[in-house]
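First the structure, in the form of structure tokens, and then the observations on it.
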Amino acid sequence: MAQTDETRANAPDQTIEALSSEDRTFPPPPAFAARAIVSDRSIYERAAADLEGFWAEEAAKLSWFKPWDRVLSWEPPFARWFEGGQLNVSVNCLDRHVEAGQGDKVAYHWEGEPGDRKAITYAELLTEVSKCANAFKALGVRRGDRVAIYMPMIPEMPIAMLACARIGAPHTVVFGGFSAEALRDRINDAEAKLIVTADGGYRRGKPSGLKVNVDAAIAGDQTPSIEKVLVARRTGQDVTMETGRDVWWHELVDGQEPTCEPERMESEDMLYLLYTSGTTAKPKGIVHTTAGYLLGCSVTHRYVFDLNDDDVYWCAADLGWVTGHSYILYGALANGATGVMYEGTPDYPAPDRWWDIVERYKVTILYTAPTAIRAHMKWGTEHAAKHDLSSLRLLGSVGEPINPEAWMWYHRHIGGERCPIVDTWWQTETGAIMIAPLPGLTTTKPGSATVPFPGVDADVVDAEGNSVPLGGGGYLVLNKPWPSMLRGIYGNPERYRETYWSRYPGRYFPGDGAKRDQDGYFWLLGRVDDVMNVSGHRLSTTEIESALVSHERVAEAAVVGTPDNLTGEAISAFVILKLGTDPSPTFGEELRQHVAAKIGPIAKPKTLMFTPDLPKTRSGKIMRRLLRDIAAGRALGDTTTLADAGVVEEIREASRSGKDDE
Ligand code: PRX
């Protein structure tokens, strides 16, 4: 049911008891390798005793044009880190490694889905970034202007992001799977001046259209801020180029000067904006700034992944999400890591594609999401068994709670029972890993993200904000500011305060449920608000409901997440049609496509049920728990269903009693 922000904010959460954590029985986890770079437990005590001193010591390892005057100014909920300092993120990611004699080190082993490959060194990346930065300037982009990036996972994508950082023009990357409408909304919210895209990218062997979506997004006067479109050629498919507006990358960028003076950015200048789903229909533009963000993602990357010089590190995410921003790009390059970047789907041309990549590049660290692990399990263990995975020494997990079966499979079949698994909890808003083990220091427990990173003050509290004793469950909160924290929601300080800081004043509320065991280990239990986690992607129930009711024949809609073996959660929609419209499977399919066109294919409901009624409390709130039970309890399959008599009766009954049960 589409509701206003206000009703949503006042809605009580799903009760914490409803979140389950299964019993887990596992073999003892392997000990971490002795080479671990953090070998002294006192790091935790030092950071706890002197938070600012801890971060200042780490910040000194970055390259600054001008040192900071003050480590932290904290006027809750607004933090400013390293004020007075000046630096440039691209210099930290590129120039300083080249200057230190690492120019020939590979930054990315890039691999396209069709099998084309390219190794890009730090020196080459610096040249390409400089050319691209000069091209941006030639297109009229100035410091402070926003640039939208809508690209496949090709080298031009990190190049464009770093070029933005070089000239101080914040980027907003829009995941290539989002629709033209979703792209348009983000462009308009960010008021982007330039959009960088490609003709298309490869998905399962087929070229997907990106430029065509850009054309639809910016047609007419729908995005008044956009002046230019820069288009990289990837697939060679036909695209329309509008004279005066659209420019080919190879025609403009390749001929630019190979050096570009980096802007001296203030610590708190915006580095980028990234849109993420919350509890309302409108995605939030999460603001990350320069110094604190770079510091947070580089330090966590180094310590959590125990990064050594000779590692080959693969974060198998998409640069369109925060995981890619922090751990394919900024954190990894700031540390001078050699990474793998892969354009395509994991099962193309065959389900062993990933394992072939691990074997060929001798990947030592693999970082991925439980949903990907479950997909590989489904495709069959034999695909991994065909390859020599002995180079791997550390495995990471992110995005959702990892279930025991997936953990076991990852541990046994990918890690050869030899590699520790680091389960990392964090969010778009936190910018960097917040809860995770440190190799060499933290004993892991399968399924637990273990303990907060040094300097992170996390707690589990009840509805009133009282700390829950060890062994109990409640809501995760963060008590202290941290360098890579979001600085706000773009253009909406009130929503920032309301969403994250109003529930427990002075403390950050991430929206996750958690338990702590007797050893103080954190076990994340999933979202406690109206946000779903589908294949590790955050989707808002309200956003999908709004997309459904925007169809002219839909009267009302309610969306809930239900447990799903593969994707973690699946989207179930309940739809009331306007009078005179007949429910049918064909129309159900039309509605699913409608959602895909509004948001993107990832938001398509898996099941869609037409119903004459929706269960509501007396105050008019949808009774989501009942809908979740209905959706989970009836094996609806991947089809559209008309509510049967039993469901209608349940809904009517609930509506009559109208208890405020949620
Ligand atoms: O619910 C938590 C879940 O993913 C949410 C953050 O989503 P997003 O901002 O898209 O960032 C995803 C990648 C960092 C969190 O609020 N989540 C993330 N990591 C874990 C997790 N849940 C359990 N365990 C994790 N390791």
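Residues in the structure tokens are numbered from 1 in each chain, the chains being A, B, ... in the order shown, and ligands are numbered from 1 in the order shown.
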At most 9 Å from ligand 1 (only C-alpha atoms and all ligand atoms): residue list as JSON, numbers by chain: {"A": [276, 277, 321, 322, 323, 324, 369, 370, 397, 398, 399, 400, 401, 402, 422, 423, 424, 425, 426, 427, 428, 429, 430, 431, 432, 433, 435, 436, 447, 448, 449, 510, 511, 512, 513, 514, 523, 524, 525, 526, 527, 528, 531, 532, 533, 536, 537, 538, 539]}
Now that the selection is made, can you save its residues with N, CA and C atoms as a compact mmCIF listing (two decimals), in the first residue's frame?
```txt
# COMPACT_ATOMS: atom_id res chain seq x y z
N THR A 276 20.19 4.89 -2.85
CA THR A 276 19.85 3.60 -2.26
C THR A 276 18.41 3.63 -1.76
N SER A 277 17.83 2.44 -1.64
CA SER A 277 16.42 2.35 -1.25
C SER A 277 16.25 2.50 0.24
N TRP A 321 27.19 -0.60 -7.40
CA TRP A 321 26.77 -0.66 -6.00
C TRP A 321 27.90 -0.17 -5.11
N VAL A 322 27.59 0.04 -3.85
CA VAL A 322 28.60 0.58 -2.95
C VAL A 322 29.77 -0.39 -2.77
N THR A 323 29.49 -1.69 -2.83
CA THR A 323 30.58 -2.66 -2.67
C THR A 323 31.65 -2.42 -3.75
N GLY A 324 31.19 -2.15 -4.95
CA GLY A 324 32.13 -1.86 -6.04
C GLY A 324 32.86 -0.55 -5.82
N ALA A 369 28.92 -12.29 -2.54
CA ALA A 369 27.70 -12.27 -1.74
C ALA A 369 27.12 -13.68 -1.61
N PRO A 370 26.45 -13.97 -0.49
CA PRO A 370 25.85 -15.29 -0.31
C PRO A 370 24.94 -15.70 -1.46
N SER A 397 32.50 -12.38 2.48
CA SER A 397 31.06 -12.44 2.23
C SER A 397 30.45 -11.10 2.62
N VAL A 398 29.47 -10.65 1.85
CA VAL A 398 28.83 -9.36 2.14
C VAL A 398 27.43 -9.31 1.54
N GLY A 399 26.58 -8.50 2.13
CA GLY A 399 25.29 -8.18 1.51
C GLY A 399 24.07 -8.72 2.21
N GLU A 400 24.22 -9.81 2.92
CA GLU A 400 23.09 -10.42 3.61
C GLU A 400 23.66 -11.46 4.58
N PRO A 401 22.84 -11.89 5.51
CA PRO A 401 23.33 -12.94 6.41
C PRO A 401 23.66 -14.19 5.59
N ILE A 402 24.78 -14.81 5.88
CA ILE A 402 25.14 -16.02 5.12
C ILE A 402 24.55 -17.24 5.82
N VAL A 422 35.75 -14.28 5.87
CA VAL A 422 35.43 -13.05 6.59
C VAL A 422 34.05 -12.57 6.15
N ASP A 423 33.12 -12.58 7.10
CA ASP A 423 31.77 -12.10 6.83
C ASP A 423 31.75 -10.64 7.25
N THR A 424 31.40 -9.76 6.32
CA THR A 424 31.55 -8.32 6.57
C THR A 424 30.19 -7.64 6.55
N TRP A 425 29.83 -6.98 7.64
CA TRP A 425 28.58 -6.23 7.66
C TRP A 425 28.85 -4.75 7.46
N TRP A 426 28.12 -4.15 6.55
CA TRP A 426 28.17 -2.70 6.34
C TRP A 426 27.06 -2.31 5.41
N GLN A 427 26.99 -1.04 5.02
CA GLN A 427 25.90 -0.53 4.17
C GLN A 427 26.42 0.58 3.27
N THR A 428 25.59 0.94 2.30
CA THR A 428 25.89 2.11 1.47
C THR A 428 26.20 3.31 2.37
N GLU A 429 25.42 3.45 3.42
CA GLU A 429 25.55 4.62 4.30
C GLU A 429 26.84 4.58 5.11
N THR A 430 27.31 3.39 5.47
CA THR A 430 28.51 3.35 6.31
C THR A 430 29.78 3.52 5.46
N GLY A 431 29.66 3.32 4.16
CA GLY A 431 30.78 3.55 3.25
C GLY A 431 31.84 2.47 3.29
N ALA A 432 32.00 1.86 4.45
CA ALA A 432 33.06 0.88 4.62
C ALA A 432 32.60 -0.19 5.62
N ILE A 433 33.33 -1.28 5.65
CA ILE A 433 33.03 -2.41 6.54
C ILE A 433 33.02 -1.94 8.00
N ILE A 435 31.49 -4.27 10.73
CA ILE A 435 31.61 -5.44 11.60
C ILE A 435 32.22 -6.56 10.77
N ALA A 436 33.35 -7.08 11.21
CA ALA A 436 34.06 -8.13 10.46
C ALA A 436 35.23 -8.61 11.30
N GLY A 447 28.80 -17.80 10.07
CA GLY A 447 27.48 -17.17 10.12
C GLY A 447 27.47 -15.90 10.93
N SER A 448 28.57 -15.60 11.62
CA SER A 448 28.62 -14.37 12.41
C SER A 448 29.61 -13.41 11.75
N ALA A 449 29.23 -12.15 11.67
CA ALA A 449 30.16 -11.13 11.16
C ALA A 449 31.20 -10.80 12.24
N PRO A 510 20.86 1.65 11.73
CA PRO A 510 21.03 1.16 10.36
C PRO A 510 19.81 0.45 9.79
N GLY A 511 18.86 0.06 10.65
CA GLY A 511 17.68 -0.67 10.15
C GLY A 511 17.84 -2.17 10.14
N ASP A 512 18.85 -2.68 10.84
CA ASP A 512 19.08 -4.12 10.89
C ASP A 512 18.82 -4.69 12.28
N GLY A 513 18.31 -5.90 12.32
CA GLY A 513 18.19 -6.63 13.57
C GLY A 513 19.47 -7.41 13.82
N ALA A 514 19.82 -7.63 15.09
CA ALA A 514 21.04 -8.37 15.39
C ALA A 514 20.90 -9.07 16.75
N TRP A 523 25.50 -11.36 15.35
CA TRP A 523 24.84 -12.19 14.34
C TRP A 523 23.77 -11.32 13.71
N LEU A 524 23.96 -10.93 12.46
CA LEU A 524 23.01 -10.05 11.79
C LEU A 524 21.79 -10.85 11.36
N LEU A 525 20.62 -10.26 11.57
CA LEU A 525 19.38 -11.01 11.33
C LEU A 525 18.55 -10.50 10.17
N GLY A 526 19.00 -9.45 9.51
CA GLY A 526 18.20 -8.93 8.39
C GLY A 526 17.54 -7.62 8.74
N ARG A 527 16.85 -7.05 7.77
CA ARG A 527 16.24 -5.73 7.92
C ARG A 527 15.04 -5.79 8.87
N VAL A 528 14.84 -4.71 9.56
CA VAL A 528 13.66 -4.64 10.43
C VAL A 528 12.68 -3.57 9.94
N VAL A 531 12.35 -2.59 4.02
CA VAL A 531 13.35 -2.71 2.97
C VAL A 531 13.60 -4.20 2.78
N MET A 532 13.61 -4.63 1.52
CA MET A 532 13.88 -6.05 1.25
C MET A 532 15.33 -6.21 0.78
N ASN A 533 15.82 -7.40 0.95
CA ASN A 533 17.17 -7.70 0.49
C ASN A 533 17.05 -8.86 -0.50
N GLY A 536 21.03 -9.74 -2.29
CA GLY A 536 22.00 -8.77 -1.77
C GLY A 536 21.71 -7.33 -2.19
N HIS A 537 20.61 -7.11 -2.91
CA HIS A 537 20.27 -5.74 -3.32
C HIS A 537 19.13 -5.21 -2.48
N ARG A 538 19.28 -3.97 -2.08
CA ARG A 538 18.26 -3.34 -1.26
C ARG A 538 17.14 -2.81 -2.12
N LEU A 539 15.93 -3.22 -1.80
CA LEU A 539 14.77 -2.72 -2.54
C LEU A 539 13.71 -2.31 -1.55
```
Near-Pro77 (chain A) list (10 Å; only C-alpha atoms; drop same-chain fewer than 4 positions) as a list in words: Pro481, Arg487, Gly488, Pro493, Tyr496, Arg497, Tyr500, Trp501, Ser502, Pro505, Gly506, Arg507 and Tyr508 of chain A
Would you save the residues from that selection as a compact mmCIF listing (two decimals), in the first residue's frame, using all heavy atoms?
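New file selection.txt:
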```txt
# COMPACT_ATOMS: atom_id res chain seq x y z
N PRO A 481 30.52 8.38 15.75
CA PRO A 481 30.77 8.65 14.33
C PRO A 481 32.01 7.90 13.83
O PRO A 481 32.86 7.52 14.64
CB PRO A 481 31.01 10.16 14.30
CG PRO A 481 31.46 10.51 15.67
CD PRO A 481 30.81 9.54 16.61
N ARG A 487 27.42 11.62 4.99
CA ARG A 487 27.31 12.97 5.55
C ARG A 487 25.89 13.49 5.44
O ARG A 487 25.59 14.55 5.97
CB ARG A 487 28.26 13.92 4.83
CG ARG A 487 29.72 13.54 5.00
CD ARG A 487 30.15 13.50 6.47
NE ARG A 487 31.60 13.45 6.59
CZ ARG A 487 32.32 12.34 6.73
NH1 ARG A 487 31.72 11.16 6.82
NH2 ARG A 487 33.64 12.40 6.81
N GLY A 488 25.04 12.75 4.76
CA GLY A 488 23.66 13.19 4.67
C GLY A 488 22.96 12.54 3.50
O GLY A 488 23.54 11.70 2.80
N PRO A 493 18.41 17.27 4.52
CA PRO A 493 18.96 17.04 5.86
C PRO A 493 17.91 16.52 6.85
O PRO A 493 18.24 15.73 7.74
CB PRO A 493 19.48 18.43 6.28
CG PRO A 493 18.94 19.40 5.31
CD PRO A 493 18.59 18.66 4.06
N TYR A 496 17.53 12.84 6.50
CA TYR A 496 18.73 12.21 7.05
C TYR A 496 18.57 12.04 8.56
O TYR A 496 18.74 10.95 9.12
CB TYR A 496 19.94 13.09 6.73
CG TYR A 496 21.21 12.76 7.47
CD1 TYR A 496 21.87 11.56 7.27
CD2 TYR A 496 21.76 13.68 8.37
CE1 TYR A 496 23.04 11.27 7.95
CE2 TYR A 496 22.93 13.39 9.05
CZ TYR A 496 23.57 12.18 8.84
OH TYR A 496 24.73 11.90 9.52
N ARG A 497 18.17 13.13 9.21
CA ARG A 497 18.00 13.10 10.66
C ARG A 497 16.91 12.11 11.05
O ARG A 497 17.08 11.27 11.94
CB ARG A 497 17.61 14.51 11.11
CG ARG A 497 17.78 14.79 12.58
CD ARG A 497 17.16 16.13 12.92
NE ARG A 497 17.92 17.28 12.47
CZ ARG A 497 18.92 17.82 13.17
NH1 ARG A 497 19.27 17.30 14.31
NH2 ARG A 497 19.56 18.86 12.71
N TYR A 500 17.86 8.11 10.19
CA TYR A 500 18.95 7.40 10.86
C TYR A 500 19.16 7.79 12.31
O TYR A 500 19.82 7.06 13.04
CB TYR A 500 20.26 7.65 10.11
CG TYR A 500 20.22 7.26 8.66
CD1 TYR A 500 20.15 8.22 7.65
CD2 TYR A 500 20.21 5.91 8.29
CE1 TYR A 500 20.11 7.86 6.31
CE2 TYR A 500 20.16 5.54 6.95
CZ TYR A 500 20.10 6.52 5.97
OH TYR A 500 20.05 6.15 4.66
N TRP A 501 18.68 8.96 12.72
CA TRP A 501 19.08 9.47 14.02
C TRP A 501 17.93 9.76 14.97
O TRP A 501 18.16 10.18 16.09
CB TRP A 501 19.92 10.75 13.84
CG TRP A 501 21.14 10.52 13.00
CD1 TRP A 501 21.24 10.69 11.66
CD2 TRP A 501 22.42 10.03 13.44
NE1 TRP A 501 22.50 10.36 11.22
CE2 TRP A 501 23.25 9.95 12.30
CE3 TRP A 501 22.94 9.67 14.69
CZ2 TRP A 501 24.56 9.51 12.36
CZ3 TRP A 501 24.26 9.24 14.74
CH2 TRP A 501 25.05 9.17 13.59
N SER A 502 16.68 9.59 14.51
CA SER A 502 15.57 10.00 15.37
C SER A 502 15.11 8.87 16.28
O SER A 502 14.63 9.10 17.38
CB SER A 502 14.39 10.48 14.52
OG SER A 502 13.86 9.40 13.78
N PRO A 505 18.04 8.90 19.61
CA PRO A 505 18.77 10.17 19.43
C PRO A 505 20.26 10.05 19.77
O PRO A 505 20.62 9.46 20.78
CB PRO A 505 18.04 11.11 20.38
CG PRO A 505 16.65 10.56 20.44
CD PRO A 505 16.80 9.06 20.37
N GLY A 506 21.05 10.60 18.87
CA GLY A 506 22.50 10.58 19.08
C GLY A 506 23.17 9.30 18.62
O GLY A 506 24.39 9.21 18.60
N ARG A 507 22.35 8.30 18.25
CA ARG A 507 22.94 7.05 17.77
C ARG A 507 22.45 6.78 16.35
O ARG A 507 21.31 7.08 16.01
CB ARG A 507 22.48 5.87 18.63
CG ARG A 507 22.90 5.98 20.04
CD ARG A 507 21.95 5.12 20.84
NE ARG A 507 22.62 4.61 22.01
CZ ARG A 507 22.21 3.55 22.68
NH1 ARG A 507 21.14 2.88 22.31
NH2 ARG A 507 22.86 3.17 23.75
N TYR A 508 23.30 6.13 15.58
CA TYR A 508 22.94 5.80 14.20
C TYR A 508 22.16 4.49 14.18
O TYR A 508 22.59 3.48 14.74
CB TYR A 508 24.22 5.68 13.36
CG TYR A 508 23.96 5.22 11.95
CD1 TYR A 508 23.57 6.13 10.97
CD2 TYR A 508 24.07 3.88 11.59
CE1 TYR A 508 23.31 5.72 9.68
CE2 TYR A 508 23.81 3.45 10.30
CZ TYR A 508 23.43 4.38 9.35
OH TYR A 508 23.17 3.96 8.07
```
DSSP strand (DSSP E) residues within region 519-579 of chain A, listed as an NGL selection string: :A and (522-527 or 531-534 or 537-540 or 554-564 or 568-577)
Long-range neighbours of Arg393 (chain A) as JSON, numbers by chain, 7 Å cut-off, only C-alpha atoms, 5 positions minimum in chain: {"A": [364, 365, 419]}
Selection from above, C-alpha atoms, as a PDB file, in the first residue's frame, can you write it?
```pdb
ATOM      1  CA  THR A 364      44.139 -15.114  -3.600  1.00  0.00           C
ATOM      2  CA  ILE A 365      41.223 -13.179  -2.080  1.00  0.00           C
ATOM      3  CA  CYS A 419      40.599 -20.440   3.686  1.00  0.00           C
TER       4      CYS A 419
END
```
Residue set, region 108-179 of chain A restricted to alpha helix (DSSP H), as number ranges by chain: A: 122-138, 156-167
For region 132-145 of chain A: contacts at 6 Å, only C-alpha atoms, fewer than 5 positions along chain excluded, given as a list in words: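 Final neighbour list, sorted by chain and number: Ala163, Ile167, Gly168, Ala169 and Val253 of chain A.
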Residue contacts of Asp519 (chain A) (12 Å, only C-alpha atoms) excluding same-chain residues fewer than 4 positions away, as a list of chain:residue names: A:Thr442, A:Thr443, A:Thr444, A:Lys445, A:Ser448, A:Thr450, A:Val451, A:Pro469, A:Leu470, A:Gly471, A:Gly472, A:Lys515, A:Trp523
Take the residues from that selection and write them out as a short mmCIF file (atom, residue, chain, number, x, y, z; two decimals), in the first residue's frame, keeping C-alpha atoms.
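Saved to out_22.cif:
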```cif
data_model
loop_
_atom_site.label_atom_id
_atom_site.label_comp_id
_atom_site.auth_asym_id
_atom_site.auth_seq_id
_atom_site.Cartn_x
_atom_site.Cartn_y
_atom_site.Cartn_z
CA THR A 442 39.54 -12.75 15.49
CA THR A 443 38.41 -16.33 15.77
CA THR A 444 35.60 -16.66 13.27
CA LYS A 445 32.25 -18.27 13.88
CA SER A 448 28.62 -14.37 12.41
CA THR A 450 32.00 -11.40 14.51
CA VAL A 451 33.06 -8.11 16.12
CA PRO A 469 22.40 -8.36 27.59
CA LEU A 470 24.71 -10.79 25.79
CA GLY A 471 22.72 -13.67 24.39
CA GLY A 472 19.78 -11.46 23.43
CA LYS A 515 21.79 -10.79 18.20
CA TRP A 523 24.84 -12.19 14.34
#
```
Straight-line distance linking CA of Ala384 (chain A) with CA of Arg353 (chain A), stated in Å to one decimal: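 Interatomic distance here is 9.1 Å.
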10 Å contact set for Val560 (chain A), only C-alpha atoms, chain neighbours under 3 positions out, as a PyMOL selection string: chain A and resi 530-532+540-542+544-545+569-574+605+624-629+631-632
Nearest to Met485 (chain A) by atom-to-atom distance, counting only C-alpha atoms, from A:Ala48, A:Ile120, A:Met434, A:Leu162: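 Counting only C-alpha atoms, the residue closest to Met485 (chain A) is A:Met434.
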Against region 218-242 of chain A, which residues of region 128-185 of chain A fall within 10 Å? For each one I want the closest pair of atoms and the distance in Å (one decimal), counting only C-alpha atoms, rows by chain and increasing residue number, as a tab-separated table.
```
residue	atom	partner	partner_atom	distance
A:Ala135	CA	A:Leu230	CA	9.4
A:Phe136	CA	A:Leu230	CA	8.9
A:Leu139	CA	A:Lys228	CA	7.0
A:Gly140	CA	A:Glu227	CA	8.7
A:Val141	CA	A:Lys228	CA	9.5
A:Arg146	CA	A:Ser225	CA	9.6
A:Val147	CA	A:Ile226	CA	9.1
A:Ala148	CA	A:Ile226	CA	9.3
A:Ile149	CA	A:Leu230	CA	9.5
A:Tyr150	CA	A:Val231	CA	9.9
A:Met151	CA	A:Ala232	CA	8.6
A:Pro152	CA	A:Arg234	CA	8.6
A:Ile154	CA	A:Arg234	CA	8.0
A:Glu156	CA	A:Ala232	CA	7.3
A:Met157	CA	A:Ala232	CA	9.3
A:Ala180	CA	A:Ile218	CA	8.5
A:Glu181	CA	A:Ile218	CA	9.3
A:Leu183	CA	A:Ile218	CA	9.0
A:Arg184	CA	A:Ile218	CA	6.7
A:Asp185	CA	A:Thr223	CA	8.6
```
Could you write out the selected residues, including N, CA, C and O atoms, as a PDB file, in the first residue's frame?
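Produced file again_0.pdb, reproduced below:
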```pdb
ATOM      1  N   ALA A 135      38.958  15.472 -20.854  1.00  0.00           N
ATOM      2  CA  ALA A 135      37.769  15.424 -21.720  1.00  0.00           C
ATOM      3  C   ALA A 135      36.547  15.981 -20.981  1.00  0.00           C
ATOM      4  O   ALA A 135      35.749  16.727 -21.553  1.00  0.00           O
ATOM      5  N   PHE A 136      36.424  15.632 -19.718  1.00  0.00           N
ATOM      6  CA  PHE A 136      35.300  16.164 -18.932  1.00  0.00           C
ATOM      7  C   PHE A 136      35.346  17.690 -18.913  1.00  0.00           C
ATOM      8  O   PHE A 136      34.336  18.367 -19.073  1.00  0.00           O
ATOM      9  N   LEU A 139      34.179  19.163 -21.953  1.00  0.00           N
ATOM     10  CA  LEU A 139      32.718  19.107 -22.069  1.00  0.00           C
ATOM     11  C   LEU A 139      32.031  20.090 -21.124  1.00  0.00           C
ATOM     12  O   LEU A 139      30.807  20.091 -20.993  1.00  0.00           O
ATOM     13  N   GLY A 140      32.827  20.887 -20.444  1.00  0.00           N
ATOM     14  CA  GLY A 140      32.246  21.934 -19.613  1.00  0.00           C
ATOM     15  C   GLY A 140      32.015  21.546 -18.165  1.00  0.00           C
ATOM     16  O   GLY A 140      31.363  22.272 -17.419  1.00  0.00           O
ATOM     17  N   VAL A 141      32.550  20.391 -17.751  1.00  0.00           N
ATOM     18  CA  VAL A 141      32.358  19.978 -16.359  1.00  0.00           C
ATOM     19  C   VAL A 141      33.380  20.692 -15.479  1.00  0.00           C
ATOM     20  O   VAL A 141      34.572  20.689 -15.778  1.00  0.00           O
ATOM     21  N   ARG A 146      27.914  17.710 -10.938  1.00  0.00           N
ATOM     22  CA  ARG A 146      27.688  16.269 -10.807  1.00  0.00           C
ATOM     23  C   ARG A 146      27.699  15.580 -12.172  1.00  0.00           C
ATOM     24  O   ARG A 146      27.191  16.118 -13.152  1.00  0.00           O
ATOM     25  N   VAL A 147      28.254  14.372 -12.167  1.00  0.00           N
ATOM     26  CA  VAL A 147      28.353  13.564 -13.383  1.00  0.00           C
ATOM     27  C   VAL A 147      27.659  12.232 -13.129  1.00  0.00           C
ATOM     28  O   VAL A 147      27.971  11.545 -12.153  1.00  0.00           O
ATOM     29  N   ALA A 148      26.711  11.870 -13.986  1.00  0.00           N
ATOM     30  CA  ALA A 148      26.056  10.567 -13.847  1.00  0.00           C
ATOM     31  C   ALA A 148      26.808   9.542 -14.685  1.00  0.00           C
ATOM     32  O   ALA A 148      27.268   9.850 -15.787  1.00  0.00           O
ATOM     33  N   ILE A 149      26.970   8.345 -14.128  1.00  0.00           N
ATOM     34  CA  ILE A 149      27.694   7.283 -14.832  1.00  0.00           C
ATOM     35  C   ILE A 149      26.781   6.067 -14.909  1.00  0.00           C
ATOM     36  O   ILE A 149      26.268   5.599 -13.887  1.00  0.00           O
ATOM     37  N   TYR A 150      26.540   5.598 -16.134  1.00  0.00           N
ATOM     38  CA  TYR A 150      25.590   4.490 -16.370  1.00  0.00           C
ATOM     39  C   TYR A 150      26.271   3.567 -17.365  1.00  0.00           C
ATOM     40  O   TYR A 150      26.159   3.758 -18.575  1.00  0.00           O
ATOM     41  N   MET A 151      27.047   2.630 -16.846  1.00  0.00           N
ATOM     42  CA  MET A 151      27.968   1.902 -17.716  1.00  0.00           C
ATOM     43  C   MET A 151      28.036   0.415 -17.402  1.00  0.00           C
ATOM     44  O   MET A 151      27.703  -0.016 -16.298  1.00  0.00           O
ATOM     45  N   PRO A 152      28.512  -0.358 -18.368  1.00  0.00           N
ATOM     46  CA  PRO A 152      28.825  -1.755 -18.074  1.00  0.00           C
ATOM     47  C   PRO A 152      30.176  -1.809 -17.360  1.00  0.00           C
ATOM     48  O   PRO A 152      30.873  -0.801 -17.273  1.00  0.00           O
ATOM     49  N   ILE A 154      33.268  -2.096 -17.764  1.00  0.00           N
ATOM     50  CA  ILE A 154      34.414  -2.022 -18.674  1.00  0.00           C
ATOM     51  C   ILE A 154      35.404  -1.029 -18.073  1.00  0.00           C
ATOM     52  O   ILE A 154      35.031  -0.238 -17.199  1.00  0.00           O
ATOM     53  N   GLU A 156      36.504   1.718 -18.853  1.00  0.00           N
ATOM     54  CA  GLU A 156      36.090   3.129 -18.886  1.00  0.00           C
ATOM     55  C   GLU A 156      35.282   3.515 -17.651  1.00  0.00           C
ATOM     56  O   GLU A 156      35.180   4.691 -17.316  1.00  0.00           O
ATOM     57  N   MET A 157      34.696   2.529 -16.984  1.00  0.00           N
ATOM     58  CA  MET A 157      33.855   2.882 -15.841  1.00  0.00           C
ATOM     59  C   MET A 157      34.682   3.375 -14.645  1.00  0.00           C
ATOM     60  O   MET A 157      34.475   4.496 -14.171  1.00  0.00           O
ATOM     61  N   ALA A 180      15.309   3.248 -17.552  1.00  0.00           N
ATOM     62  CA  ALA A 180      15.427   4.644 -17.989  1.00  0.00           C
ATOM     63  C   ALA A 180      14.771   5.576 -16.969  1.00  0.00           C
ATOM     64  O   ALA A 180      15.308   6.643 -16.657  1.00  0.00           O
ATOM     65  N   GLU A 181      13.636   5.177 -16.430  1.00  0.00           N
ATOM     66  CA  GLU A 181      12.939   6.047 -15.467  1.00  0.00           C
ATOM     67  C   GLU A 181      13.732   6.223 -14.182  1.00  0.00           C
ATOM     68  O   GLU A 181      13.826   7.325 -13.638  1.00  0.00           O
ATOM     69  N   LEU A 183      16.900   5.930 -13.887  1.00  0.00           N
ATOM     70  CA  LEU A 183      18.058   6.752 -14.248  1.00  0.00           C
ATOM     71  C   LEU A 183      17.661   8.229 -14.270  1.00  0.00           C
ATOM     72  O   LEU A 183      18.360   9.086 -13.715  1.00  0.00           O
ATOM     73  N   ARG A 184      16.533   8.514 -14.894  1.00  0.00           N
ATOM     74  CA  ARG A 184      16.067   9.905 -14.992  1.00  0.00           C
ATOM     75  C   ARG A 184      15.875  10.522 -13.601  1.00  0.00           C
ATOM     76  O   ARG A 184      16.315  11.637 -13.328  1.00  0.00           O
ATOM     77  N   ASP A 185      15.215   9.774 -12.712  1.00  0.00           N
ATOM     78  CA  ASP A 185      14.976  10.299 -11.360  1.00  0.00           C
ATOM     79  C   ASP A 185      16.278  10.654 -10.663  1.00  0.00           C
ATOM     80  O   ASP A 185      16.383  11.668  -9.978  1.00  0.00           O
TER      81      ASP A 185
END
```
Option closest in space to Leu319 (chain A), from A:Trp249, A:Trp110, A:Trp74, A:Phe175 [counting only C-alpha atoms]: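 Nearest candidate to Leu319 (chain A) out of A:Trp249, A:Trp110, A:Trp74, A:Phe175: A:Phe175.
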Spatial neighbours of Glu343 (chain A), max dist 12 Å, only C-alpha atoms, sep filter under 6 positions, as a PyMOL selection string: chain A and resi 109-118+151-157+176+200-205+207+234+316-320+353-354+357
Shortest interatomic distance to Asp269 (chain A) - which of A:Val559, A:Ala216, A:Ala165, A:Ala385, counting only C-alpha atoms: A:Ala165
